[in-house]
Amino acid sequence: MRELQDLFDRSASAARAARYWSARTARLMIGVPDYDTYVAHRQTNHPDQPIMTYVEFFRERQDARYAIGKGRFRACC
């Protein structure tokens, strides 16, 4: 019975990992950067500087992607 529980635990863990990586990959494919990676980078490499909120981060990434605010609008095509 213990082997069955171990198998279930491993399967559940694999499913969670697959869901996490699938969502992360999909976000990167459509151009939505990963906030958790940003936060980890800022804490490691720039601990003395403030960290943007998720909303600030998302807006800044969208502005950078579409060049909004630089006098032009650059679409994806």
# chains A, B, ... in the order shown; residues from 1 in each chain; ligands from 1
call {"tool": "residues_around", "arguments": {"residues": "range 32-36 of chain A", "least_positions_apart": "2", "cutoff": "12 Å", "atoms": "only C-alpha atoms", "output": "PyMOL selection string"}}
result
chain A and resi 20-21+23-30+38-43+51-65
call {"tool": "write_last_selection", "arguments": {"atoms": "C-alpha atoms", "output": "mmCIF file, in the first residue's frame"}}
result
data_model
loop_
_atom_site.group_PDB
_atom_site.id
_atom_site.type_symbol
_atom_site.label_atom_id
_atom_site.label_comp_id
_atom_site.auth_asym_id
_atom_site.auth_seq_id
_atom_site.Cartn_x
_atom_site.Cartn_y
_atom_site.Cartn_z
ATOM 1 C CA TYR A 20 3.888 25.208 -13.831
ATOM 2 C CA TRP A 21 6.288 24.795 -16.752
ATOM 3 C CA ALA A 23 2.070 27.998 -18.041
ATOM 4 C CA ARG A 24 5.507 29.601 -17.854
ATOM 5 C CA THR A 25 6.372 28.510 -21.390
ATOM 6 C CA ALA A 26 3.045 29.731 -22.764
ATOM 7 C CA ARG A 27 3.496 33.129 -21.110
ATOM 8 C CA LEU A 28 6.978 33.527 -22.553
ATOM 9 C CA MET A 29 5.778 32.452 -26.005
ATOM 10 C CA ILE A 30 3.193 35.228 -26.092
ATOM 11 C CA TYR A 38 12.270 39.323 -12.103
ATOM 12 C CA VAL A 39 11.837 39.446 -8.318
ATOM 13 C CA ALA A 40 14.512 36.786 -7.762
ATOM 14 C CA HIS A 41 16.926 38.674 -10.038
ATOM 15 C CA ARG A 42 16.298 41.996 -8.282
ATOM 16 C CA GLN A 43 16.750 40.474 -4.825
ATOM 17 C CA ILE A 51 11.071 46.015 -6.686
ATOM 18 C CA MET A 52 8.096 46.914 -8.864
ATOM 19 C CA THR A 53 4.688 45.511 -8.022
ATOM 20 C CA TYR A 54 3.247 42.963 -10.442
ATOM 21 C CA VAL A 55 1.025 45.636 -12.022
ATOM 22 C CA GLU A 56 3.959 48.042 -12.473
ATOM 23 C CA PHE A 57 6.102 45.235 -13.859
ATOM 24 C CA PHE A 58 3.424 44.123 -16.329
ATOM 25 C CA ARG A 59 2.815 47.667 -17.579
ATOM 26 C CA GLU A 60 6.533 48.357 -17.958
ATOM 27 C CA ARG A 61 7.026 45.142 -19.936
ATOM 28 C CA GLN A 62 4.048 45.924 -22.189
ATOM 29 C CA ASP A 63 5.320 49.453 -22.765
ATOM 30 C CA ALA A 64 8.767 48.123 -23.622
ATOM 31 C CA ARG A 65 7.356 45.461 -25.919
#
call {"tool": "select_by_dssp", "arguments": {"residues": "range 26-69 of chain A", "states": "helix (DSSP H, G or I)", "output": "JSON, numbers by chain"}}
result
{"A": [26, 27, 28, 29, 35, 36, 37, 38, 39, 40, 41, 42, 43, 44, 45, 54, 55, 56, 57, 58, 59, 60, 61, 62, 63, 64, 65, 66]}
call {"tool": "atom_distance", "arguments": {"atom1": "CA of Arg19 in chain A", "atom2": "CA of Asn45 in chain A"}}
result
28.5 Å
call {"tool": "atom_distance", "arguments": {"atom1": "CA of Ala18 in chain A", "atom2": "CA of Arg2 in chain A"}}
result
24.3 Å
call {"tool": "atom_distance", "arguments": {"atom1": "CA of Ala17 in chain A", "atom2": "CA of Thr37 in chain A"}}
result
16.3 Å
